[in-house]
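**Student:** Right, I'll just put the structure down here and ask away after.
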Amino acid sequence: MTGLSEARDEAEREALIEAGRLLFARPCTFFYAAQKSDQLPEPGLPEVAFCGRSNVGKSSLVNALTGQKALARVSQMPGRTRQLNFFNLAERLVIVDLPGYGYAKASKDMQRDWQGVMFDYLRGRPNLMRVMLLLDARIETKSSDRAAMELMNVAAVAFQIVLTKADDVGPVKLAARIKEAEALARSHTAAHPLVLVTSSESGQGIPELRAEIASLAA
(Lines give C-alpha, C1' and ligand atoms only; values in the text may rest on other atoms or scores of the structure.)
Protein backbone atom coordinates (compact mmCIF):
# COMPACT_ATOMS: atom_id res chain seq x y z
CA MET A 1 0.00 0.00 0.00
CA THR A 2 1.25 3.48 -0.81
CA GLY A 3 1.51 6.22 1.80
CA LEU A 4 -0.11 9.63 1.92
CA SER A 5 2.62 11.34 -0.08
CA GLU A 6 1.92 8.96 -3.00
CA ALA A 7 -1.86 9.43 -2.91
CA ARG A 8 -3.05 10.59 -6.33
CA ASP A 9 -6.28 12.25 -5.25
CA GLU A 10 -8.52 13.00 -2.27
CA ALA A 11 -10.41 9.72 -2.59
CA GLU A 12 -7.19 7.72 -2.31
CA ARG A 13 -6.08 9.84 0.62
CA GLU A 14 -9.38 9.21 2.41
CA ALA A 15 -9.01 5.47 1.75
CA LEU A 16 -5.55 5.52 3.36
CA ILE A 17 -6.91 7.41 6.38
CA GLU A 18 -9.69 4.85 6.75
CA ALA A 19 -7.22 1.95 6.49
CA GLY A 20 -5.25 3.53 9.33
CA ARG A 21 -8.37 3.99 11.44
CA LEU A 22 -9.41 0.37 10.97
CA LEU A 23 -5.95 -0.98 11.81
CA PHE A 24 -5.64 1.02 15.01
CA ALA A 25 -9.19 0.12 16.04
CA ARG A 26 -7.93 -3.45 16.51
CA PRO A 27 -6.11 -4.74 19.62
CA CYS A 28 -2.61 -3.51 20.39
CA THR A 29 -0.84 -5.26 23.26
CA PHE A 30 2.57 -5.15 24.90
CA PHE A 31 4.43 -8.43 24.48
CA TYR A 32 8.17 -7.94 24.95
CA ALA A 33 10.86 -5.71 26.46
CA ALA A 34 14.61 -5.78 25.86
CA GLN A 35 17.40 -3.99 27.69
CA LYS A 36 20.31 -5.56 25.78
CA SER A 37 20.98 -6.31 22.13
CA ASP A 38 21.08 -10.07 22.74
CA GLN A 39 17.62 -9.91 24.31
CA LEU A 40 15.81 -8.69 21.19
CA PRO A 41 12.94 -10.91 19.99
CA GLU A 42 13.32 -12.87 16.78
CA PRO A 43 12.39 -10.77 13.72
CA GLY A 44 8.87 -11.46 12.52
CA LEU A 45 6.14 -9.01 11.64
CA PRO A 46 7.03 -5.65 10.07
CA GLU A 47 8.21 -3.18 12.74
CA VAL A 48 7.77 0.57 13.02
CA ALA A 49 9.90 2.20 15.72
CA PHE A 50 9.35 5.46 17.57
CA CYS A 51 12.54 7.35 18.34
CA GLY A 52 13.24 10.76 19.87
CA ARG A 53 14.69 12.81 22.65
CA SER A 54 13.57 12.22 26.21
CA ASN A 55 10.35 14.12 26.93
CA VAL A 56 9.46 14.51 23.23
CA GLY A 57 6.14 12.76 23.88
CA LYS A 58 6.76 9.27 22.48
CA SER A 59 4.63 7.38 24.97
CA SER A 60 1.80 9.90 24.77
CA LEU A 61 1.81 9.63 20.98
CA VAL A 62 1.73 5.81 21.05
CA ASN A 63 -1.19 5.98 23.47
CA ALA A 64 -3.02 8.48 21.24
CA LEU A 65 -2.48 6.32 18.16
CA THR A 66 -3.87 3.21 19.80
CA GLY A 67 -6.62 4.96 21.75
CA GLN A 68 -5.27 3.48 24.99
CA LYS A 69 -4.41 5.82 27.83
CA ALA A 70 -1.83 3.57 29.47
CA LEU A 71 -0.47 1.24 26.78
CA ALA A 72 2.89 3.02 26.85
CA ARG A 73 3.94 4.34 30.23
CA VAL A 74 4.06 8.13 30.40
CA SER A 75 6.61 9.33 32.93
CA GLN A 76 7.00 12.79 34.42
CA MET A 77 10.73 12.08 34.63
CA PRO A 78 12.51 12.30 31.25
CA GLY A 79 14.87 9.43 30.49
CA ARG A 80 12.89 6.93 32.56
CA THR A 81 12.41 4.47 29.68
CA ARG A 82 15.61 2.47 29.36
CA GLN A 83 14.43 -0.48 27.33
CA LEU A 84 12.89 -1.27 23.97
CA ASN A 85 9.20 -2.02 24.36
CA PHE A 86 7.41 -4.08 21.70
CA PHE A 87 3.66 -3.89 21.01
CA ASN A 88 1.74 -6.26 18.71
CA LEU A 89 -0.86 -4.44 16.61
CA ALA A 90 -3.54 -6.82 15.32
CA GLU A 91 -0.96 -9.46 14.32
CA ARG A 92 -0.10 -7.22 11.37
CA LEU A 93 2.60 -4.91 12.75
CA VAL A 94 4.87 -4.40 15.73
CA ILE A 95 5.29 -0.95 17.23
CA VAL A 96 8.60 -0.44 19.03
CA ASP A 97 8.97 2.30 21.66
CA LEU A 98 12.69 3.09 21.85
CA PRO A 99 14.50 4.66 24.82
CA GLY A 100 14.70 8.45 24.69
CA TYR A 101 18.09 9.93 23.93
CA GLY A 102 19.72 13.17 24.99
CA TYR A 103 18.73 13.07 28.67
CA ALA A 104 21.39 15.25 30.30
CA LYS A 105 20.84 14.10 33.90
CA ALA A 106 21.51 10.44 33.16
CA SER A 107 25.03 9.24 33.88
CA LYS A 108 27.30 8.73 30.88
CA ASP A 109 27.45 4.98 31.54
CA MET A 110 23.67 4.79 31.73
CA GLN A 111 23.23 6.79 28.52
CA ARG A 112 25.77 4.58 26.76
CA ASP A 113 24.00 1.40 27.88
CA TRP A 114 20.44 2.23 26.87
CA GLN A 115 21.30 4.28 23.80
CA GLY A 116 23.74 1.57 22.70
CA VAL A 117 21.06 -1.09 22.53
CA MET A 118 18.74 1.33 20.73
CA PHE A 119 21.29 2.12 18.03
CA ASP A 120 22.26 -1.57 17.71
CA TYR A 121 18.59 -2.25 17.03
CA LEU A 122 18.35 0.50 14.42
CA ARG A 123 21.42 -0.71 12.57
CA GLY A 124 20.65 -4.42 12.53
CA ARG A 125 16.90 -5.08 12.46
CA PRO A 126 15.96 -6.68 9.10
CA ASN A 127 12.18 -6.28 9.53
CA LEU A 128 12.34 -2.62 10.58
CA MET A 129 10.22 -0.85 7.98
CA ARG A 130 10.54 2.74 9.21
CA VAL A 131 11.57 4.83 12.18
CA MET A 132 9.26 7.63 13.21
CA LEU A 133 11.73 10.27 14.43
CA LEU A 134 9.89 12.58 16.80
CA LEU A 135 10.91 16.23 17.10
CA ASP A 136 9.35 18.65 19.57
CA ALA A 137 7.53 21.35 17.57
CA ARG A 138 8.12 23.88 20.37
CA ILE A 139 11.91 23.90 20.31
CA GLU A 140 14.78 23.91 17.84
CA THR A 141 16.33 20.71 16.53
CA LYS A 142 19.02 19.56 18.95
CA SER A 143 22.46 18.15 18.13
CA SER A 144 21.33 14.75 19.42
CA ASP A 145 18.45 14.80 16.91
CA ARG A 146 20.86 15.56 14.09
CA ALA A 147 23.17 12.78 15.29
CA ALA A 148 20.27 10.30 15.21
CA MET A 149 19.43 11.36 11.64
CA GLU A 150 23.04 10.95 10.55
CA LEU A 151 23.24 7.48 12.11
CA MET A 152 20.09 6.35 10.30
CA ASN A 153 21.22 7.97 7.07
CA VAL A 154 24.59 6.19 7.13
CA ALA A 155 22.95 2.89 8.11
CA ALA A 156 20.29 3.34 5.37
CA VAL A 157 17.47 3.06 7.90
CA ALA A 158 14.33 4.70 6.52
CA PHE A 159 12.97 7.36 8.86
CA GLN A 160 10.17 9.92 8.86
CA ILE A 161 10.11 13.14 10.86
CA VAL A 162 7.07 13.61 13.08
CA LEU A 163 6.62 16.89 14.92
CA THR A 164 4.96 16.51 18.33
CA LYS A 165 3.14 18.88 20.71
CA ALA A 166 1.93 21.06 17.82
CA ASP A 167 -1.03 22.26 19.90
CA ASP A 168 1.39 24.24 22.06
CA VAL A 169 2.88 26.29 19.21
CA GLY A 170 1.54 29.40 17.47
CA PRO A 171 0.86 29.20 13.70
CA VAL A 172 3.83 31.35 12.63
CA LYS A 173 6.33 29.43 14.73
CA LEU A 174 4.81 26.10 13.70
CA ALA A 175 5.08 26.99 10.01
CA ALA A 176 8.76 27.82 10.48
CA ARG A 177 9.32 24.56 12.35
CA ILE A 178 7.66 22.57 9.58
CA LYS A 179 9.82 24.31 6.98
CA GLU A 180 12.95 23.47 8.98
CA ALA A 181 11.89 19.81 9.35
CA GLU A 182 11.18 19.52 5.63
CA ALA A 183 14.65 20.88 4.87
CA LEU A 184 16.17 18.30 7.21
CA ALA A 185 14.23 15.55 5.44
CA ARG A 186 15.47 16.71 2.03
CA SER A 187 19.07 16.70 3.26
CA HIS A 188 19.01 13.01 4.27
CA THR A 189 18.59 10.31 1.64
CA ALA A 190 17.07 7.89 4.18
CA ALA A 191 14.37 10.37 5.22
CA HIS A 192 10.78 10.13 4.01
CA PRO A 193 9.79 13.41 2.31
CA LEU A 194 6.48 13.85 4.16
CA VAL A 195 6.78 15.57 7.55
CA LEU A 196 3.83 14.84 9.84
CA VAL A 197 2.57 17.33 12.42
CA THR A 198 0.87 15.86 15.49
CA SER A 199 -0.56 16.54 18.91
CA SER A 200 -1.48 13.74 21.31
CA GLU A 201 -3.60 16.29 23.21
CA SER A 202 -5.77 17.62 20.37
CA GLY A 203 -5.53 14.64 18.04
CA GLN A 204 -4.01 16.72 15.24
CA GLY A 205 -2.22 14.54 12.70
CA ILE A 206 -3.12 11.26 14.40
CA PRO A 207 -5.24 9.96 11.44
CA GLU A 208 -2.42 10.79 9.03
CA LEU A 209 0.19 9.05 11.17
CA ARG A 210 -2.04 6.00 11.48
CA ALA A 211 -2.40 5.95 7.69
CA GLU A 212 1.38 6.07 7.16
CA ILE A 213 1.92 3.21 9.61
CA ALA A 214 -0.90 1.14 8.10
CA SER A 215 0.78 1.39 4.70
CA LEU A 216 3.72 -0.58 6.20
CA ALA A 217 1.68 -3.35 7.84
CA ALA A 218 1.56 -6.96 6.66
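Ordered as shown in the C-alpha coordinates, chains take letters A, B, and onward, while each chain numbers its residues from 1 and ligands are numbered from 1 in the order shown.
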So that I can check the surroundings of segment 131-147 of chain A, please list as number ranges by chain every protein, DNA and RNA residue that reaches within 9 Å of it, counting only C-alpha atoms and ignoring chain neighbours fewer than 4 positions away.
**Tutor:** A: 47-53, 55-58, 101-102, 122, 151-152, 157-169, 173-174, 177-178, 180-181, 184, 197-198
**Student:** Set the distance at 12 Å and use only C-alpha atoms: which residues neighbour Arg26 of chain A once local chain neighbours fewer than 6 positions away are removed? I'd like the list as a list in words.
**Tutor:** Ala19, Gly20, Leu65, Thr66, Gly67, Gln68, Asn88, Leu89, Ala90, Glu91, Arg92, Leu93 and Ala214 of chain A
**Student:** Create the file for the chosen residues now, containing N, CA, C and O atoms and written as a CSV table (one decimal), in the first residue's frame.
**Tutor:**
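Output file selection16.csv is given in full below:
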```csv
chain,number,residue,atom,x,y,z
A,19,ALA,N,-8.0,3.2,6.2
A,19,ALA,CA,-7.2,2.0,6.5
A,19,ALA,C,-6.5,2.1,7.8
A,19,ALA,O,-6.4,1.1,8.6
A,20,GLY,N,-5.9,3.3,8.1
A,20,GLY,CA,-5.2,3.5,9.3
A,20,GLY,C,-6.2,3.5,10.5
A,20,GLY,O,-5.9,2.9,11.6
A,65,LEU,N,-2.3,7.1,19.4
A,65,LEU,CA,-2.5,6.3,18.2
A,65,LEU,C,-3.4,5.1,18.4
A,65,LEU,O,-4.2,4.8,17.6
A,66,THR,N,-3.2,4.4,19.5
A,66,THR,CA,-3.9,3.2,19.8
A,66,THR,C,-5.2,3.4,20.6
A,66,THR,O,-6.0,2.5,20.7
A,67,GLY,N,-5.4,4.7,21.0
A,67,GLY,CA,-6.6,5.0,21.8
A,67,GLY,C,-6.6,4.3,23.1
A,67,GLY,O,-7.7,4.1,23.7
A,68,GLN,N,-5.4,4.1,23.7
A,68,GLN,CA,-5.3,3.5,25.0
A,68,GLN,C,-4.5,4.4,25.9
A,68,GLN,O,-3.4,4.8,25.5
A,88,ASN,N,2.3,-5.6,19.9
A,88,ASN,CA,1.7,-6.3,18.7
A,88,ASN,C,0.4,-5.6,18.3
A,88,ASN,O,-0.5,-5.5,19.1
A,89,LEU,N,0.3,-5.1,17.1
A,89,LEU,CA,-0.9,-4.4,16.6
A,89,LEU,C,-1.6,-5.4,15.6
A,89,LEU,O,-1.2,-5.5,14.5
A,90,ALA,N,-2.6,-6.0,16.1
A,90,ALA,CA,-3.5,-6.8,15.3
A,90,ALA,C,-2.9,-7.9,14.5
A,90,ALA,O,-3.4,-8.3,13.5
A,91,GLU,N,-1.7,-8.4,15.0
A,91,GLU,CA,-1.0,-9.5,14.3
A,91,GLU,C,-0.6,-9.0,12.9
A,91,GLU,O,-0.3,-9.9,12.1
A,92,ARG,N,-0.5,-7.7,12.7
A,92,ARG,CA,-0.1,-7.2,11.4
A,92,ARG,C,1.2,-6.4,11.4
A,92,ARG,O,1.8,-6.1,10.4
A,93,LEU,N,1.5,-5.9,12.6
A,93,LEU,CA,2.6,-4.9,12.7
A,93,LEU,C,3.1,-4.9,14.2
A,93,LEU,O,2.3,-5.1,15.1
A,214,ALA,N,-0.1,2.2,8.7
A,214,ALA,CA,-0.9,1.1,8.1
A,214,ALA,C,-0.4,0.7,6.7
A,214,ALA,O,-0.4,-0.4,6.3
```
**Student:** Run DSSP on the backbone and grab whatever in segment 17-164 of chain A lands in helix (DSSP H, G or I); send it over as a ChimeraX atom specification.
**Tutor:** /A:17-24,37-39,58-66,108-124,143-154
**Student:** As an exercise, work out the distance from atom CA of Ala25 of chain A to atom CA of Ile95 of chain A in Å and give it to one decimal place.
**Tutor:**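 So the answer is 14.6 Å.
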**Student:** Between atom CA of Leu23 of chain A and atom CA of Ala11 of chain A, what is the distance, to one decimal in Å?
**Tutor:**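 Interatomic distance here is 18.5 Å.
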**Student:** Determine the nearest neighbour of Ala175 of chain A from the options A:Val154, A:Val195, A:Leu61, A:Ser54, counting only C-alpha atoms.
**Tutor:**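 Smallest separation from Ala175 of chain A among the options: A:Val195.
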**Student:** Please, what distance in Å, to one decimal, runs between atom CA of Glu10 of chain A and atom CA of Ile206 of chain A?
**Tutor:**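 Computing it gives 17.6 Å between the two atoms.
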**Student:** Could you check the closest approach to Leu209 of chain A for each of A:Ala185, A:Phe87, A:Lys36, A:Leu194 and tell me which residue wins, using only C-alpha atoms?
**Tutor:**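 Comparing A:Ala185, A:Phe87, A:Lys36, A:Leu194 against Leu209 of chain A, the winner is A:Leu194.
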